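Asks: Following this message is one structure expressed as structure tokens.
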Amino acid sequence: MSTQRITLAKGLNAGLRKAMEDDPKVLIMGEDVGKLGGVFRITDGLQKDFGEDRVIDSPLAESGIVGTAVGLALRGYRPVVEIQFDGFVYPAYDQIVCQVAKMRFRSKGRNPMPMVIRIPFGGGIGAVEHHSESPEAQFAHTPGLKVVACSNPVDGYWMIQQAIACDDPVIFLEPKRQYHADKADLDLDLAPDPLFASRVVRRGTDVTVLAYGPTVKTALRAAEAAAGEGRALEVIDLRTLSPLDMDPVFESVRRTGRAVVVHEAHVNLGLGSELSARVTEECFYSLEAPVLRVGGFDTPYPASRIEEEFLPDLDRVLDAVDRSLSF
Amino acid sequence: MSTQRITLAKGLNAGLRKAMEDDPKVLIMGEDVGKLGGVFRITDGLQKDFGEDRVIDSPLAESGIVGTAVGLALRGYRPVVEIQFDGFVYPAYDQIVCQVAKMRFRSKGRNPMPMVIRIPFGGGIGAVEHHSESPEAQFAHTPGLKVVACSNPVDGYWMIQQAIACDDPVIFLEPKRQYHADKADLDLDLAPDPLFASRVVRRGTDVTVLAYGPTVKTALRAAEAAAGEGRALEVIDLRTLSPLDMDPVFESVRRTGRAVVVHEAHVNLGLGSELSARVTEECFYSLEAPVLRVGGFDTPYPASRIEEEFLPDLDRVLDAVDRSLSF
Amino acid sequence: MSHSTDFGPDLVEVFGPSQVDGGPELVQLLTPEGERVEHPEFRYEPTDSDGKPIAEDEAIRGLYRDMVLTRRIDTESTALQRHGELGIWAQLLGQEAAQIGAGRALRPQDYVFPTYREHGVAWCRGVDPLNLLSLFRGVDHGGWDPSAHNFGLYTIVIGAQALHATGYAMGMQRDGVVGTGDEARDAAVVAHFGDGASSQGDVNEAFIFAASYNAPVVFFCQNNQWAISEPIERQSRIPLYQRALGFGFPGIRVDGNDVLATYAVTKAALQRAREGQGPTFVEAYTYRMGAHTTTDDPTRYRLDHDVERWKLRDPIARVKAYLARNGAASESFFAKVANEADELGHRLREGCKAMPDPSPMAMFDQVYAEEPPELAAQREGFAAYLETFDSSSVVEPVETQGAGR
Amino acid sequence: MSHSTDFGPDLVEVFGPSQVDGGPELVQLLTPEGERVEHPEFRYEPTDSDGKPIAEDEAIRGLYRDMVLTRRIDTESTALQRHGELGIWAQLLGQEAAQIGAGRALRPQDYVFPTYREHGVAWCRGVDPLNLLSLFRGVDHGGWDPSAHNFGLYTIVIGAQALHATGYAMGMQRDGVVGTGDEARDAAVVAHFGDGASSQGDVNEAFIFAASYNAPVVFFCQNNQWAISEPIERQSRIPLYQRALGFGFPGIRVDGNDVLATYAVTKAALQRAREGQGPTFVEAYTYRMGAHTTTDDPTRYRLDHDVERWKLRDPIARVKAYLARNGAASESFFAKVANEADELGHRLREGCKAMPDPSPMAMFDQVYAEEPPELAAQREGFAAYLETFDSSSVVEPVETQGAGR
Ligand SMILES: Cc1ncc(C[n+]2csc(CCOP(=O)(O)OP(=O)(O)O)c2C)c(N)n1
Ligand SMILES: Cc1ncc(C[n+]2csc(CCOP(=O)(O)OP(=O)(O)O)c2C)c(N)n1
Ligand SMILES: [Mg+2]
Ligand SMILES: [Mg+2]
């Protein structure tokens, strides 16, 4: 039997292990990724099995981590960088946006940059400041980077391997709140979806709900609740944020005529704005209502005692669905 | 006579001088802002007149500049930071996004952060890599920051003073290609527009064109050309990118039924996506066509010999206007 | 090839076992056994916060009390986290001397930029410990008024505050409160950070700016040997205080478990800064006896044996030994302090549990000085949305029975 | 207060007039007057790029030729910029010895990470100077193949490449090409940067990573005294090579206008790295004789007098003086080199002017290994859009008559 019940953390860990076994050029780098196995234990046991040369505990400096990873990639390695929390990726921002993203372009393809930058992202874990951010829009805006977000254990297992195998740099977002939450069945005999593909995770006819990472679960719960009220929501797990895989979205919206986007990132200039713009451009005559956006408010992430009010929840999704339907 | 003919560079220089005269707490910081007067000469003569304590040549480190500016602001100063070129703001990104933007919020208003970060932005000057970027979306997505862009000498003079007087941190974008280009009449007797207000700069009835910074000129030239073909474009200079001042935009689009956004930043997740989303939400039943976006392509900024093809120009604006009108 | 490849010492091995007890360069005034020792450069000469000399034993009793109460804040908060009242707690166990020594060396006009672990310094600055708890409980991002205490908010992004401190010190220079010779006026800044933080670009840039402008800032690094699971050797292969030499200002390693030495060294460094002589790097050589935070499990990466050895260097025990042995404090003094600690513990427990949750609407406050209309609209929209629920239980601050969210 | 505020030297004044000629610590093997001098640690022992000894005078003639040709690349490119053929040019005038010394110390298997000014090193690595011109002309972001020359692309964001170099060196460690004892195999990396760059967080983080992993990297800093308009004193108040001491690896200041000394010191540092002894910081003490770039106007911020003084230390003149005085090169040799330079100049002029503009469609190339559909759509859309104009003149590469865009 090739089926196991795993958490997202376990899926990622197993995926990383597999990638390291498959390709000796794969390295893991970051703060506390070695003996500790990372603060979320995603790299648990890997240093023990692959050694300190392949699972590299780094000095406490994110620009240094990504910058040296660039050098390692130039030398032919495939570094997988762990950023400890979303809020700590910014010291590495310059290296990511000016170097990682542009290296292939600048070198006319001579210096590929196969690198994965793993970022546990999103809120809901009761943490202090800077531990609950959703920085995806900033990376998705940057040509040369690819940005994906996994939402479940099975995707975690496959997507991390696909990202590592990808010759482009991939910002790999992991919904930290899900790491140790729900388990799912990983069946190794089932072929995975491609990395850069969105996926309809629930069929419906009334409103299309677009989500990724942590909000897929929220969207599915909202769909469940809506079903109770006789409304059939279609839920799409975007999975890839740059490039966006719009065809399934367009197809869906053409059927439903309505779309609601749900993410934890601030609404203003979040992914929802791009999705709204594209859906409107492409499905203009199919739309019964404007694309509505449910997201983190345009305030800094608040203290954790009120974070659940900041984060989009089932009620706010349903509220948007209502507004869309009654537009 | 209180009217002078000035360039944008001169307007900014005079505005900075005025702000320094008005308030002894105003400081200027950055690379080469002293004797050299900045690589674009925007701070020309200021160190000579206000001394090295108020016009501070800094070590070559952008995070250091912004980080020490934070400290100076905490001590009651009003630092005006010059980032030498758009592409060099990223080393300071962490300080801007995590510290400057959040300080007031985090401290419950006890630590205001009155700081201006001036960034010469945009392309078209034939420069090498990293000297032609348009990073505004990344800042506009960040709550706690305000983001404005000036487009002409008179606005330059007033807006820089208003930004310095503002108690919130302001990312102040200056279209570097315009610094020494067109002159305009500065009449000190005319009251300036508020800082956080967009402005209709040309009236029209057929299509609303939204622009800011360097593309205002492009949009106006497109409107001129369109007029020759009997089409009346309304052009709005957004001026403030965060917050957006949407009322004049909504008012206009309700009349024209069509909107085209023009910016140099990459289209994907650029300001145009947010403008499209909001206009569609607000003017859904007035729209005759989806909001169309003309911007830099979703590629890294190319070598300068082909930058004019990357940048939105008159023809691409008119092309979008055509597509909007024939939608 | 010439002989010239050996033109420098092979420094890889410099940071070796000889460093375990801090090495010969460690400034110490009180041994782990509680014995006073002399140092050629530094003497313990206590003053009150205005610079007036005070009697030695009285001062040392004060330091003892500070450390005991600080430790109680720490253990009580750890317990509160275990009981679900705090989301997380960053423990300072073992670092009391470093923090109290640094905190008591301050004058009122000095300003401090802490990390997230400077509970002892906060104590010295008169910050109510409940204000620390509110942060770790998730009620706010820091509850005290920085300017009321000249004690900045906790900074979580590693190293960022070193630059703030340097900039603040540059502001002091511009305000004319450095090197005037007026003791009541001259001021300086302390930037706190850890051994791990010494690797961040921001911290190194702070060294550069401080050196370049000769800013009155003391870089106070608590080298507690660990950055979460990473040992100091990952960050530096030579003793950390020597980092300063590369930037052109003095570095000193002090026994961070010796409150007298830490006090003396910090005070000297502050004095130097106030007089206009520029920055100093102080490495307080200490040990993180607890976990990194309450969510950390240090057994995964370090040996009990190390921890046991450091127990022998406990910062409080040695002061108690000194006071007792020299008759500088009576049993009733120790009992009184213990009693005070119990009272403090009680106050923290009750105060923490009684702490109201903020109103959800608070997230819209103080984003800007001038609230933009679009944010005002979000605020109003959300208020209206909340109204559609049972508003009484959501919009108003409520007292909760635990942090079990 | 105790006497302890004077516990460190007042270093503010250390970087004073004594430093003007590099100070006593400057490694020099050839004086400005062209006289050979001895150094206790470093000798000039030339080898070919595979490490085989070559005759001294032959080698020095080679260095002379390299410097003359490099200078010609520089002056020719400056002229091309003046004529509108280049958008900008970063001049290296005065830094020829630093670059040729560093470049000729390399083995083929070493790898170099340059800034935007390392035209001389590029020359040593066999990069066609026309490939440099294409960047400054705006035709591309760097025209050579980095792996064909083991010479990375120019990096414009100050300091970023220091980390790339360190990471690349870590890769060499993992590839087992460090410290094997096999001269043909052991490899190292050179990271170039300027005095201004030494203030960037990235550069200091590179020191930390290199020290922590003992990576085989030579940090080669050309201290040309200026970062655009800012003098070195703004970046460091002590001699820059001492920065390395704070990070636990050796720093050396070499006369960057002395090609023999720069060669010897770099070679020793590289050898040390290849042998597994870790990083070295080399400060090549030199002077930017020209403007920062062709758009800069140094008369706004520096004195002619300084420039004049440095003229006396010209890196090429002293080698010529040495060769001539010692009969190590004939008049015909100098004439031949001059002739070669003229030919090179001619080739550059013609090659530059003949350089075709890229196709606008090139901006869509190599953004990704796997082009996303949305970008493909933009590419197609733009191609179709261009078709609506006179496509022949836009889509295809065209030769232009000047850079007057
Ligand atoms: C920029 C950044 N990166 C990572 C972290 C996560 N983090 C929190 S504390 C810590 C270790 C800090 O070590 P050190 O500086 O020695 O201070 P200590 O915790 O030992 O007091 C890390 C990596 C962070 N807060 N900020
Ligand atoms: C991050 C960054 N900030 C600013 C600049 C603009 N800039 C280009 S060169 C330069 C000065 C560099 O000085 P130095 O490191 O001494 O090198 P040099 O030019 O003297 O060779 C500056 C500030 C840049 N390229 N990158
Ligand atoms: Mg530590
Ligand atoms: Mg320089």
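Here, A, B, ... name the chains of the structure tokens in the order displayed, residue numbers run from 1 inside each chain, and ligands are numbered from 1 in the same displayed order.
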Near Asp44 of chain A, counting only C-alpha atoms, which residues have an atom at most 12 Å away, once you skip same-chain residues fewer than 4 positions from it, shown as a PyMOL selection string?
Replies: (chain A and resi 9-17+28+32-40+48-50+55) or (chain C and resi 300)
Asks: What does the file look like for those residues with N, CA and C atoms, as a PDB file, in the first residue's frame?
Replies:
```pdb
ATOM      1  N   ALA A   9       3.003  19.388   7.255  1.00  0.00           N
ATOM      2  CA  ALA A   9       4.410  19.395   7.672  1.00  0.00           C
ATOM      3  C   ALA A   9       5.098  18.111   7.216  1.00  0.00           C
ATOM      4  N   LYS A  10       4.440  17.023   7.404  1.00  0.00           N
ATOM      5  CA  LYS A  10       5.006  15.732   7.030  1.00  0.00           C
ATOM      6  C   LYS A  10       5.139  15.617   5.504  1.00  0.00           C
ATOM      7  N   GLY A  11       4.133  16.099   4.808  1.00  0.00           N
ATOM      8  CA  GLY A  11       4.178  16.065   3.346  1.00  0.00           C
ATOM      9  C   GLY A  11       5.369  16.843   2.806  1.00  0.00           C
ATOM     10  N   LEU A  12       5.574  18.020   3.367  1.00  0.00           N
ATOM     11  CA  LEU A  12       6.704  18.844   2.924  1.00  0.00           C
ATOM     12  C   LEU A  12       8.024  18.160   3.273  1.00  0.00           C
ATOM     13  N   ASN A  13       8.067  17.656   4.473  1.00  0.00           N
ATOM     14  CA  ASN A  13       9.292  16.982   4.914  1.00  0.00           C
ATOM     15  C   ASN A  13       9.621  15.798   4.009  1.00  0.00           C
ATOM     16  N   ALA A  14       8.621  15.008   3.710  1.00  0.00           N
ATOM     17  CA  ALA A  14       8.838  13.842   2.851  1.00  0.00           C
ATOM     18  C   ALA A  14       9.194  14.277   1.428  1.00  0.00           C
ATOM     19  N   GLY A  15       8.557  15.342   0.969  1.00  0.00           N
ATOM     20  CA  GLY A  15       8.865  15.848  -0.364  1.00  0.00           C
ATOM     21  C   GLY A  15      10.295  16.354  -0.456  1.00  0.00           C
ATOM     22  N   LEU A  16      10.724  17.079   0.570  1.00  0.00           N
ATOM     23  CA  LEU A  16      12.103  17.571   0.594  1.00  0.00           C
ATOM     24  C   LEU A  16      13.083  16.393   0.590  1.00  0.00           C
ATOM     25  N   ARG A  17      12.775  15.418   1.403  1.00  0.00           N
ATOM     26  CA  ARG A  17      13.641  14.242   1.487  1.00  0.00           C
ATOM     27  C   ARG A  17      13.760  13.557   0.129  1.00  0.00           C
ATOM     28  N   ILE A  28      19.651  22.346   1.329  1.00  0.00           N
ATOM     29  CA  ILE A  28      18.713  23.105   2.164  1.00  0.00           C
ATOM     30  C   ILE A  28      19.507  24.098   2.990  1.00  0.00           C
ATOM     31  N   ASP A  32      18.349  27.498  11.619  1.00  0.00           N
ATOM     32  CA  ASP A  32      17.836  26.421  12.465  1.00  0.00           C
ATOM     33  C   ASP A  32      17.272  25.237  11.685  1.00  0.00           C
ATOM     34  N   VAL A  33      17.653  25.096  10.433  1.00  0.00           N
ATOM     35  CA  VAL A  33      17.114  23.989   9.639  1.00  0.00           C
ATOM     36  C   VAL A  33      17.817  22.663   9.950  1.00  0.00           C
ATOM     37  N   GLY A  34      18.940  22.749  10.658  1.00  0.00           N
ATOM     38  CA  GLY A  34      19.738  21.550  10.895  1.00  0.00           C
ATOM     39  C   GLY A  34      19.238  20.710  12.055  1.00  0.00           C
ATOM     40  N   LYS A  35      19.991  20.732  13.134  1.00  0.00           N
ATOM     41  CA  LYS A  35      19.622  19.899  14.280  1.00  0.00           C
ATOM     42  C   LYS A  35      18.184  20.101  14.714  1.00  0.00           C
ATOM     43  N   LEU A  36      17.780  21.358  14.738  1.00  0.00           N
ATOM     44  CA  LEU A  36      16.420  21.642  15.214  1.00  0.00           C
ATOM     45  C   LEU A  36      15.376  21.169  14.201  1.00  0.00           C
ATOM     46  N   GLY A  37      15.741  21.098  12.945  1.00  0.00           N
ATOM     47  CA  GLY A  37      14.771  20.729  11.916  1.00  0.00           C
ATOM     48  C   GLY A  37      13.831  21.870  11.564  1.00  0.00           C
ATOM     49  N   GLY A  38      14.293  23.102  11.842  1.00  0.00           N
ATOM     50  CA  GLY A  38      13.442  24.266  11.573  1.00  0.00           C
ATOM     51  C   GLY A  38      12.454  24.490  12.695  1.00  0.00           C
ATOM     52  N   VAL A  39      12.034  25.731  12.890  1.00  0.00           N
ATOM     53  CA  VAL A  39      11.130  25.993  14.014  1.00  0.00           C
ATOM     54  C   VAL A  39       9.785  25.287  13.820  1.00  0.00           C
ATOM     55  N   PHE A  40       9.466  24.939  12.583  1.00  0.00           N
ATOM     56  CA  PHE A  40       8.226  24.180  12.350  1.00  0.00           C
ATOM     57  C   PHE A  40       8.507  22.703  12.068  1.00  0.00           C
ATOM     58  N   LYS A  48      20.554  15.149   9.702  1.00  0.00           N
ATOM     59  CA  LYS A  48      21.077  13.884  10.223  1.00  0.00           C
ATOM     60  C   LYS A  48      21.366  12.919   9.061  1.00  0.00           C
ATOM     61  N   ASP A  49      20.465  12.871   8.108  1.00  0.00           N
ATOM     62  CA  ASP A  49      20.621  11.890   7.030  1.00  0.00           C
ATOM     63  C   ASP A  49      21.447  12.377   5.848  1.00  0.00           C
ATOM     64  N   PHE A  50      21.441  13.675   5.605  1.00  0.00           N
ATOM     65  CA  PHE A  50      22.162  14.166   4.415  1.00  0.00           C
ATOM     66  C   PHE A  50      23.407  14.963   4.766  1.00  0.00           C
ATOM     67  N   VAL A  55      22.483  20.190   4.346  1.00  0.00           N
ATOM     68  CA  VAL A  55      21.449  20.878   5.132  1.00  0.00           C
ATOM     69  C   VAL A  55      22.195  21.866   6.021  1.00  0.00           C
TER      70      VAL A  55
ATOM     71  N   ARG C 300      16.751  19.394  21.722  1.00  0.00           N
ATOM     72  CA  ARG C 300      17.045  18.907  20.371  1.00  0.00           C
ATOM     73  C   ARG C 300      18.433  19.304  19.894  1.00  0.00           C
TER      74      ARG C 300
END
```
Asks: Using only C-alpha atoms, find which residues of chain A lie within 6 Å of chain B and jot them down as a PyMOL selection string.
Replies: chain A and resi 90-91+94+138+141+143+268-269+273-274+276-277+280-281+290+298-300
Asks: Tell me which protein, DNA and RNA residues are within 9 Å of segment 71-86 of chain D, counting only C-alpha atoms, leaving out same-chain ones fewer than 6 positions away, and put them as a PyMOL selection string.
Replies: chain D and resi 92-94+96+119-120+129+133-138+293-294+341-342+344-346+348-349+352-353+401-405
Asks: With 7 Å as the limit and counting only C-alpha atoms, what residues in chain C lie close to chain B? Please list them as a list of chain:residue names.
Replies: C:His141, C:Gly142, C:Asp145, C:Leu163, C:His164, C:Ala165, C:Thr166, C:Gly167, C:Tyr168, C:Met170, C:Gly171, C:Arg174, C:Asp202, C:Glu205, C:Ala206, C:Phe209, C:Gln366, C:Val367, C:Tyr368, C:Ala369, C:Pro372
Asks: Write out as JSON, numbers by chain all residues of segment 96-186 of chain B that DSSP puts in helix (DSSP H, G or I) for this structure's backbone.
Replies: {"B": [96, 97, 98, 99, 100, 103, 104, 105, 106, 136, 137, 138, 139, 140, 153, 154, 155, 156, 157, 158, 159, 160, 161, 162, 163, 164, 165, 176, 177, 178]}
Asks: Extract the full set of strand (DSSP E or B) residues from segment 109-287 of chain B according to DSSP on the backbone, and format it as a ChimeraX atom specification.
Replies: /B:116-121,146-149,170-175,184-187,199-202,207-211,233-237,240-242,244,259-266
Asks: Only C-alpha atoms, please: the residues just picked out, written as an mmCIF file, in the first residue's frame.
Replies:
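Result file is again-v2.cif:
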```
data_model
loop_
_atom_site.group_PDB
_atom_site.id
_atom_site.type_symbol
_atom_site.label_atom_id
_atom_site.label_comp_id
_atom_site.auth_asym_id
_atom_site.auth_seq_id
_atom_site.Cartn_x
_atom_site.Cartn_y
_atom_site.Cartn_z
ATOM 1 C CA VAL B 116 9.697 61.271 3.492
ATOM 2 C CA ILE B 117 11.503 58.787 1.307
ATOM 3 C CA ARG B 118 12.212 60.367 -2.039
ATOM 4 C CA ILE B 119 12.697 57.985 -4.925
ATOM 5 C CA PRO B 120 13.551 59.057 -8.458
ATOM 6 C CA PHE B 121 11.591 56.489 -10.417
ATOM 7 C CA LYS B 146 1.464 56.827 2.012
ATOM 8 C CA VAL B 147 2.662 56.927 -1.572
ATOM 9 C CA VAL B 148 2.518 59.889 -3.903
ATOM 10 C CA ALA B 149 3.956 60.675 -7.314
ATOM 11 C CA VAL B 170 5.406 59.244 2.633
ATOM 12 C CA ILE B 171 7.068 57.445 -0.240
ATOM 13 C CA PHE B 172 7.632 60.303 -2.625
ATOM 14 C CA LEU B 173 8.109 59.265 -6.237
ATOM 15 C CA GLU B 174 9.755 61.624 -8.685
ATOM 16 C CA PRO B 175 9.690 60.913 -12.422
ATOM 17 C CA ALA B 184 6.321 75.337 -15.897
ATOM 18 C CA ASP B 185 5.186 78.521 -14.202
ATOM 19 C CA LEU B 186 5.205 78.420 -10.450
ATOM 20 C CA ASP B 187 2.880 81.095 -9.120
ATOM 21 C CA ARG B 199 -6.693 65.939 -10.349
ATOM 22 C CA VAL B 200 -8.397 66.030 -13.701
ATOM 23 C CA VAL B 201 -5.781 67.519 -15.973
ATOM 24 C CA ARG B 202 -7.761 67.370 -19.168
ATOM 25 C CA VAL B 207 -12.501 57.538 -22.239
ATOM 26 C CA THR B 208 -10.944 58.239 -18.839
ATOM 27 C CA VAL B 209 -7.171 57.834 -18.834
ATOM 28 C CA LEU B 210 -5.566 57.374 -15.427
ATOM 29 C CA ALA B 211 -1.895 58.184 -15.097
ATOM 30 C CA LEU B 233 -10.010 61.714 -23.592
ATOM 31 C CA GLU B 234 -10.289 62.760 -19.999
ATOM 32 C CA VAL B 235 -6.924 62.544 -18.248
ATOM 33 C CA ILE B 236 -6.573 62.220 -14.505
ATOM 34 C CA ASP B 237 -3.267 62.681 -12.752
ATOM 35 C CA THR B 240 -1.661 59.966 -4.689
ATOM 36 C CA LEU B 241 -1.229 56.209 -5.045
ATOM 37 C CA SER B 242 -1.916 55.286 -1.468
ATOM 38 C CA LEU B 244 -5.989 56.463 -3.858
ATOM 39 C CA ALA B 259 -11.092 53.696 -18.382
ATOM 40 C CA VAL B 260 -7.495 53.046 -19.353
ATOM 41 C CA VAL B 261 -4.712 53.021 -16.783
ATOM 42 C CA VAL B 262 -1.176 53.866 -17.797
ATOM 43 C CA HIS B 263 1.919 53.236 -15.746
ATOM 44 C CA GLU B 264 5.469 52.143 -16.299
ATOM 45 C CA ALA B 265 5.352 49.457 -13.621
ATOM 46 C CA HIS B 266 4.694 45.902 -14.677
#
```
